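Quick look at coords02.cif (mmCIF, C-alpha atoms):
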data_target
loop_
_atom_site.label_atom_id
_atom_site.label_comp_id
_atom_site.auth_asym_id
_atom_site.auth_seq_id
_atom_site.Cartn_x
_atom_site.Cartn_y
_atom_site.Cartn_z
CA MET A 26 1.85 41.04 -20.55
CA SER A 27 2.06 38.11 -18.12
CA ARG A 28 4.21 35.03 -18.75
CA ILE A 29 1.21 32.86 -19.50
CA GLU A 30 -0.06 35.44 -22.01
CA GLU A 31 3.34 35.63 -23.70
CA PHE A 32 3.53 31.86 -23.84
CA GLN A 33 0.03 31.42 -25.26
CA LYS A 34 0.76 34.02 -27.93
CA LEU A 35 3.86 32.10 -29.02
CA ARG A 36 2.46 28.60 -28.52
CA PRO A 37 1.50 28.07 -32.23
CA LEU A 38 5.08 28.91 -33.28
CA LEU A 39 6.57 26.63 -30.63
CA PHE A 40 4.39 23.69 -31.67
CA SER A 41 5.19 24.23 -35.33
CA ILE A 42 8.94 24.26 -34.64
CA ALA A 43 8.72 21.12 -32.50
CA TYR A 44 6.52 19.22 -34.96
CA ARG A 45 8.89 19.86 -37.86
CA ILE A 46 11.85 18.67 -35.80
CA LEU A 47 10.07 15.63 -34.38
CA GLY A 48 7.43 14.62 -36.95
CA SER A 49 5.11 13.74 -34.09
CA VAL A 50 2.08 15.66 -32.86
CA SER A 51 2.12 14.05 -29.42
CA GLU A 52 5.86 14.55 -28.91
CA ALA A 53 5.63 18.14 -30.13
CA GLU A 54 2.82 18.86 -27.67
CA ASP A 55 4.89 17.33 -24.85
CA ALA A 56 7.89 19.46 -25.86
CA VAL A 57 5.77 22.61 -25.79
CA GLN A 58 4.40 21.72 -22.37
CA GLU A 59 7.91 21.11 -21.01
CA THR A 60 8.95 24.47 -22.50
CA TRP A 61 6.19 26.19 -20.53
CA LEU A 62 7.31 24.52 -17.29
CA ARG A 63 10.86 25.78 -17.80
CA PHE A 64 9.64 29.25 -18.71
CA GLU A 65 7.40 29.36 -15.66
CA ALA A 66 10.25 28.18 -13.39
CA SER A 67 12.81 30.66 -14.78
CA PRO A 68 13.87 32.96 -11.89
CA THR A 69 14.34 35.93 -14.21
CA GLN A 70 12.27 37.34 -17.03
CA PRO A 71 14.07 36.72 -20.36
CA ALA A 72 14.85 39.81 -22.43
CA SER A 73 13.00 38.15 -25.33
CA ALA A 74 10.31 35.61 -24.58
CA LYS A 75 10.32 34.49 -28.22
CA ALA A 76 14.06 33.84 -28.22
CA PHE A 77 13.96 32.02 -24.88
CA LEU A 78 10.95 29.87 -25.73
CA SER A 79 12.10 29.04 -29.26
CA ALA A 80 15.55 28.04 -28.02
CA THR A 81 14.06 25.95 -25.21
CA VAL A 82 11.58 24.05 -27.38
CA THR A 83 14.33 23.44 -29.97
CA ARG A 84 16.73 21.97 -27.41
CA ILE A 85 14.01 19.77 -25.92
CA SER A 86 13.02 18.59 -29.40
CA ILE A 87 16.63 17.76 -30.32
CA ASP A 88 16.98 15.62 -27.19
CA VAL A 89 13.68 13.83 -27.87
CA LEU A 90 14.62 13.24 -31.51
CA ARG A 91 17.93 11.65 -30.56
CA SER A 92 16.05 9.07 -28.50
CA ALA A 93 13.28 8.67 -31.08
CA ARG A 94 15.73 7.89 -33.89
CA VAL A 95 16.75 4.67 -32.12
CA GLN A 96 13.11 3.62 -31.81
CA ARG A 97 12.40 4.46 -35.45
CA GLU A 98 15.26 2.20 -36.56
CA GLU A 99 13.40 -0.69 -34.87
CA TYR A 100 9.98 0.35 -36.18
CA VAL A 101 7.92 -2.36 -37.90
CA GLY A 102 7.45 -1.44 -41.57
CA PRO A 103 7.62 2.06 -43.07
CA TRP A 104 7.65 4.97 -40.61
CA PHE A 105 5.63 8.09 -41.42
CA PRO A 106 5.13 11.27 -39.39
CA GLU A 107 1.95 11.61 -37.38
CA PRO A 108 -0.63 13.28 -39.63
CA LEU A 109 -1.18 16.97 -39.02
CA LEU A 110 -4.59 18.27 -40.03
CA ALA A 111 -3.87 21.97 -39.47
CA ASP A 112 -0.70 23.90 -38.75
CA PRO A 113 -1.51 26.33 -35.91
CA TYR A 114 1.19 28.83 -36.93
CA GLU A 115 0.57 31.26 -39.79
CA ASP A 116 2.87 33.80 -41.37
CA PRO A 117 1.64 35.28 -44.68
CA GLU A 118 5.18 36.24 -45.66
CA ARG A 119 6.40 32.64 -45.32
CA SER A 120 3.27 30.71 -46.22
CA ALA A 121 4.97 28.79 -49.05
CA GLU A 122 7.90 27.69 -46.87
CA LEU A 123 5.58 26.71 -44.02
CA ALA A 124 3.29 24.64 -46.26
CA ASP A 125 6.14 22.89 -48.05
CA SER A 126 8.02 22.06 -44.85
CA VAL A 127 5.08 20.30 -43.21
CA SER A 128 4.31 17.91 -46.10
CA MET A 129 4.89 14.20 -45.57
CA ALA A 130 7.51 14.21 -48.31
CA ALA A 131 9.46 17.07 -46.71
CA LEU A 132 9.26 15.56 -43.22
CA LEU A 133 10.58 12.25 -44.56
CA LEU A 134 13.46 14.13 -46.18
CA LEU A 135 14.17 15.78 -42.84
CA GLU A 136 14.52 12.30 -41.34
CA ARG A 137 17.75 11.95 -43.35
CA LEU A 138 19.36 14.83 -41.45
CA SER A 139 21.10 14.68 -38.11
CA PRO A 140 19.10 16.18 -35.20
CA LEU A 141 21.29 19.31 -35.25
CA GLU A 142 21.02 19.72 -39.03
CA ARG A 143 17.28 19.28 -38.82
CA ALA A 144 16.87 21.87 -36.08
CA VAL A 145 19.09 24.39 -37.88
CA PHE A 146 17.24 23.86 -41.15
CA VAL A 147 13.83 24.29 -39.51
CA LEU A 148 14.79 27.47 -37.65
CA ARG A 149 16.72 29.06 -40.51
CA GLU A 150 15.01 27.93 -43.71
CA VAL A 151 11.43 27.52 -42.52
CA PHE A 152 11.05 30.19 -39.84
CA ASP A 153 13.78 32.60 -41.04
CA PHE A 154 15.58 32.92 -37.70
CA GLY A 155 18.88 34.81 -37.88
CA PHE A 156 22.06 32.81 -37.36
CA PRO A 157 22.71 34.40 -33.94
CA GLU A 158 19.29 33.12 -32.80
CA VAL A 159 19.89 29.70 -34.38
CA ALA A 160 23.31 29.43 -32.73
CA SER A 161 21.84 30.29 -29.34
CA ALA A 162 19.03 27.78 -29.78
CA VAL A 163 21.21 24.79 -30.71
CA GLY A 164 24.25 25.65 -28.62
CA ARG A 165 26.74 25.93 -31.49
CA SER A 166 28.74 28.78 -32.97
CA GLU A 167 27.33 30.83 -35.81
CA ALA A 168 30.01 29.46 -38.12
CA ALA A 169 29.09 25.90 -37.22
CA CYS A 170 25.41 26.65 -37.77
CA ARG A 171 26.14 28.09 -41.21
CA GLN A 172 27.91 24.84 -42.14
CA LEU A 173 25.04 22.77 -40.74
CA ALA A 174 22.57 24.86 -42.75
CA VAL A 175 24.55 24.38 -45.97
CA ARG A 176 24.69 20.58 -45.49
CA ALA A 177 21.01 20.38 -44.58
CA ARG A 178 19.96 22.51 -47.55
CA ARG A 179 22.04 20.37 -49.90
CA HIS A 180 20.40 17.16 -48.66
CA MET A 181 16.91 18.64 -48.83
CA ASN A 182 17.36 20.10 -52.32
CA ALA A 183 18.76 16.81 -53.63
CA GLY A 184 15.64 14.95 -52.54
CA ARG A 185 13.02 17.47 -53.63
CA PRO A 186 11.12 17.05 -56.91
CA ARG A 187 12.03 19.49 -59.67
CA PHE A 188 8.46 20.53 -60.43
CA GLU A 189 5.72 20.89 -57.84
CA ALA A 190 2.01 21.27 -58.44
CA GLY A 191 0.18 24.41 -57.38
CA ARG A 192 -2.42 24.24 -54.62
CA HIS A 193 -5.42 24.65 -56.93
CA GLU A 194 -4.14 21.97 -59.30
CA ARG A 195 -3.60 19.54 -56.42
CA GLU A 196 -7.09 20.11 -55.04
CA GLU A 197 -8.80 19.61 -58.41
CA LEU A 198 -6.88 16.40 -59.09
CA ALA A 199 -7.65 15.09 -55.59
CA THR A 200 -11.37 15.78 -56.05
CA ARG A 201 -11.43 13.72 -59.26
CA PHE A 202 -9.37 10.97 -57.65
CA PHE A 203 -11.67 10.63 -54.63
CA ASP A 204 -14.76 10.69 -56.87
CA ALA A 205 -13.29 7.74 -58.79
CA LEU A 206 -12.47 5.99 -55.50
CA ARG A 207 -16.09 6.27 -54.32
CA GLU A 208 -17.27 4.73 -57.58
CA GLY A 209 -14.64 1.99 -57.66
CA ASP A 210 -13.66 3.26 -61.11
CA VAL A 211 -10.37 1.59 -62.06
CA ALA A 212 -9.89 3.63 -65.23
CA GLY A 213 -10.79 6.85 -63.44
CA LEU A 214 -8.30 6.15 -60.68
CA GLN A 215 -5.55 5.10 -63.05
CA GLU A 216 -5.97 8.27 -65.09
CA HIS A 217 -4.72 10.36 -62.16
CA LEU A 218 -1.83 8.13 -61.11
CA ALA A 219 1.76 8.42 -62.31
CA ALA A 220 3.01 5.32 -64.11
CA ASP A 221 5.39 4.52 -61.24
CA VAL A 222 3.08 5.61 -58.41
CA SER A 223 3.62 3.89 -55.07
CA MET A 224 1.11 3.24 -52.29
CA VAL A 225 2.54 2.64 -48.82
CA GLY A 226 0.99 2.18 -45.38
CA ASP A 227 2.34 2.79 -41.88
CA GLY A 228 0.74 0.37 -39.44
CA GLY A 229 3.72 -0.04 -37.14
CA GLY A 230 2.79 -3.66 -36.57
CA LYS A 231 -0.30 -2.48 -34.68
CA ALA A 232 -2.79 -2.45 -37.56
CA PRO A 233 -3.28 -4.27 -40.86
CA GLN A 234 -1.00 -2.90 -43.54
CA LEU A 235 0.32 -3.80 -46.95
CA ALA A 236 3.11 -6.35 -46.81
CA LYS A 237 5.08 -4.09 -49.12
CA ALA A 238 4.57 -1.00 -51.23
CA VAL A 239 2.24 -1.40 -54.21
CA ILE A 240 3.92 0.02 -57.31
CA GLY A 241 2.47 1.02 -60.67
CA ALA A 242 -0.68 2.83 -61.76
CA GLU A 243 -2.64 -0.26 -62.78
CA ASN A 244 -1.77 -2.21 -59.63
CA VAL A 245 -2.66 0.67 -57.32
CA ALA A 246 -5.89 1.50 -59.17
CA ARG A 247 -7.09 -2.11 -59.14
CA LEU A 248 -6.28 -2.53 -55.46
CA LEU A 249 -8.10 0.64 -54.46
CA ALA A 250 -11.08 -0.14 -56.68
CA SER A 251 -11.40 -3.59 -55.14
CA ILE A 252 -10.99 -2.59 -51.49
CA PHE A 253 -13.05 0.56 -51.07
CA PRO A 254 -16.40 -0.79 -52.35
CA ARG A 255 -16.11 -3.59 -49.78
CA MET A 256 -15.24 -1.05 -47.10
CA ALA A 257 -18.25 1.03 -48.11
CA ARG A 258 -20.52 -2.00 -47.68
CA ILE A 259 -19.56 -2.18 -44.01
CA ASP A 260 -20.21 1.56 -43.69
CA VAL A 261 -16.62 2.79 -43.82
CA THR A 262 -16.67 6.35 -45.14
CA PHE A 263 -14.07 8.97 -45.90
CA GLU A 264 -14.02 12.74 -45.90
CA PRO A 265 -11.52 14.63 -48.06
CA HIS A 266 -9.36 16.69 -45.74
CA GLU A 267 -6.04 18.46 -46.06
CA VAL A 268 -3.34 16.42 -44.33
CA ASN A 269 0.11 17.91 -43.76
CA GLY A 270 -0.73 20.68 -46.17
CA GLN A 271 -1.48 18.20 -48.97
CA PRO A 272 -4.71 16.74 -50.41
CA GLY A 273 -5.84 13.81 -48.30
CA ALA A 274 -8.71 12.14 -46.51
CA ILE A 275 -9.77 10.76 -43.15
CA PHE A 276 -11.37 7.30 -43.22
CA ARG A 277 -13.88 6.42 -40.50
CA ASP A 278 -15.80 3.35 -39.40
CA ARG A 279 -19.59 3.19 -39.02
CA ASP A 280 -19.33 4.83 -35.59
CA GLY A 281 -17.30 7.74 -36.90
CA LYS A 282 -14.04 6.53 -35.37
CA VAL A 283 -10.81 7.18 -37.26
CA LEU A 284 -9.57 4.20 -39.25
CA HIS A 285 -6.68 5.87 -41.04
CA THR A 286 -5.58 8.97 -42.90
CA LEU A 287 -4.52 9.13 -46.52
CA VAL A 288 -2.34 11.78 -48.16
CA LEU A 289 -1.53 12.30 -51.82
CA ASP A 290 1.76 13.60 -53.21
CA VAL A 291 1.01 15.38 -56.47
CA LEU A 292 3.69 16.21 -59.01
CA ASP A 293 3.45 17.30 -62.63
CA GLY A 294 -0.32 16.76 -62.74
CA GLN A 295 -0.29 13.20 -61.38
CA ILE A 296 -0.31 11.44 -58.03
CA GLN A 297 3.19 10.16 -57.34
CA THR A 298 2.76 8.65 -53.88
CA ILE A 299 -0.16 7.62 -51.68
CA ARG A 300 0.65 7.32 -47.98
CA ALA A 301 -1.71 5.89 -45.37
CA VAL A 302 -1.15 6.22 -41.63
CA ILE A 303 -2.94 3.30 -39.97
CA ASN A 304 -0.98 2.91 -36.74
CA PRO A 305 -3.55 3.70 -34.00
CA ASP A 306 -0.82 5.24 -31.83
CA LYS A 307 -0.47 8.00 -34.42
CA LEU A 308 -4.17 8.80 -34.81
CA GLY A 309 -5.43 9.60 -31.30
CA HIS A 310 -5.10 13.36 -31.83
CA VAL A 311 -7.39 13.12 -34.88
CA GLY A 312 -10.25 11.57 -32.88
CA PRO A 313 -11.40 8.30 -31.29
CA VAL A 314 -9.61 5.47 -33.09
CA ALA A 315 -11.35 2.53 -34.77
CA ASP A 316 -10.43 -1.13 -34.32
CA ALA A 317 -8.57 -1.62 -37.59
CA TRP A 318 -8.21 -5.38 -37.11
CA ALA A 319 -11.98 -5.80 -36.74
CA ILE A 320 -12.57 -3.68 -39.84
CA ASP A 321 -10.05 -5.76 -41.76
CA ARG A 322 -11.88 -8.98 -40.83
CA GLU A 323 -15.18 -7.50 -42.00
CA VAL A 324 -13.67 -6.28 -45.26
CA ARG A 325 -12.22 -9.71 -45.98
CA GLN A 326 -15.62 -11.28 -45.43
CA ALA A 327 -17.40 -8.75 -47.63
CA ARG A 328 -18.22 -9.90 -51.15
CA ARG A 329 -19.42 -8.06 -54.18
CA PRO A 330 -23.16 -8.48 -54.68
CA THR A 331 -24.20 -10.85 -57.42
CA GLU A 332 -24.54 -8.92 -60.68
#

What does this structure look like when you write it as structure tokens?
Amino acid sequence: MSRIEEFQKLRPLLFSIAYRILGSVSEAEDAVQETWLRFEASPTQPASAKAFLSATVTRISIDVLRSARVQREEYVGPWFPEPLLADPYEDPERSAELADSVSMAALLLLERLSPLERAVFVLREVFDFGFPEVASAVGRSEAACRQLAVRARRHMNAGRPRFEAGRHEREELATRFFDALREGDVAGLQEHLAADVSMVGDGGGKAPQLAKAVIGAENVARLLASIFPRMARIDVTFEPHEVNGQPGAIFRDRDGKVLHTLVLDVLDGQIQTIRAVINPDKLGHVGPVADAWAIDREVRQARRPTE
């Protein structure tokens, strides 16, 4: 097998490692590309292409994350990962770990870890790498990696909800929620929201966003029921779509351009958090991006028809 064939075979794994470390589709793709360049330039053939490539993409991702963390501290408003519509890597034996680790909630928990803790957690807990492989990838001793893994696991477990909804339950609830959204049904929306639900948007200062999180089932339901009918009147549509392994939707303008994505965190039979990614810099990989400011002006001008 040639180097390019080996690389292409492992590319889904490399992207999935990089995305979980970085929380960015574009940065993960760049890390994978840089990994290929180093693999191609290597004067000798590694004994294990998987070990070499996984270690290389991990090291690159750690370096990128260290720089990105400074930028994220200066980010305007809440920072969310770039939405991922489909994880290219599949492993039936670890499907639950893979799905959980790519959710918005899990990626935001990973933001609390140091770059080394995050990389160790991703390699060990998500992809089940042995500690010798993890140690080689991050450039630390096995003993140090075991300590990093323990700390990372403790932080992640402390932030995780105690009860999580099954996939089928999440999908059914999301279907009912989006049906109520289309109809502007306040009561129907509120029925599926937790009492302390929060709705938050990531615009990064580059798109209209909520001034602050909207908290409470009634407040969120009324806001959604008031906004979407006006958006529909200017031909904004949405298509339910899995986002980061969770129920979500892609909103589009009249020309089919991406306005924003929405993802629902479901727990104990109710929606706990609604997260919208509106920042156009985070949506280019989803498709051509709409002018959110122009849409916002149209929505503000829209009025309910006279009853």

On this structure, the PyMOL selection byres ((chain A and resi 138) around 12) would catch which residues? List them as a PyMOL selection string, sorted by chain and number.
chain A and resi 46-47+87+90-91+94+131-137+139-147+173-181+184

For the PyMOL selection byres ((chain A and resi 297) around 7), applied here, can you spell out every residue it catches as a list in words?
Leu218, Ala219, Val222, Ser223, Asp290, Val291, Leu292, Gln295, Ile296 and Thr298 of chain A

Restricted to C-alpha atoms, what would the selected residues look like written as a PDB file, keeping the file's coordinate frame?
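As written to disk, part-v5.pdb reads:
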ATOM      1  CA  LEU A 218      -1.830   8.130 -61.110  1.00  0.00           C
ATOM      2  CA  ALA A 219       1.760   8.420 -62.310  1.00  0.00           C
ATOM      3  CA  VAL A 222       3.080   5.610 -58.410  1.00  0.00           C
ATOM      4  CA  SER A 223       3.620   3.890 -55.070  1.00  0.00           C
ATOM      5  CA  ASP A 290       1.760  13.600 -53.210  1.00  0.00           C
ATOM      6  CA  VAL A 291       1.010  15.380 -56.470  1.00  0.00           C
ATOM      7  CA  LEU A 292       3.690  16.210 -59.010  1.00  0.00           C
ATOM      8  CA  GLN A 295      -0.290  13.200 -61.380  1.00  0.00           C
ATOM      9  CA  ILE A 296      -0.310  11.440 -58.030  1.00  0.00           C
ATOM     10  CA  THR A 298       2.760   8.650 -53.880  1.00  0.00           C
TER      11      THR A 298
END

For the file shown, report as a PyMOL selection string the outcome of the PyMOL selection byres ((chain A and resi 121-129) around 6) at residue level.
chain A and resi 119-120+130-132+151+269-270

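Across the structure, atom CA of A:Pro233 and atom CA of A:Ile320 are spaced 9.4 Å apart.
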
Would you compute the distance between atom CA of A:Ala74 and atom CA of A:Arg149? Give it in Å to one decimal.
18.4 Å

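Atom CA of A:Asp88 is found 16.2 Å from atom CA of A:Ala160.
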
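Using all atoms listed in the file, the nearest neighbour of A:Leu39 within the list A:Arg63, A:Lys231, A:Arg171, A:Lys75 is A:Lys75.
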
Proximity to A:Arg45 - best of A:Val268, A:Leu148, A:Ala220, A:Val283, only C-alpha atoms:
A:Leu148

Counting all atoms listed in the file, the residue of A:Pro272, A:Ala232, A:Phe154, A:Glu107 that sits nearest A:Arg201:
A:Pro272

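With distances taken over only C-alpha atoms, A:Gln271 is the one residue among A:Gln96, A:Gln271, A:Ser161, A:Gln33 lying closest to A:Asp112.
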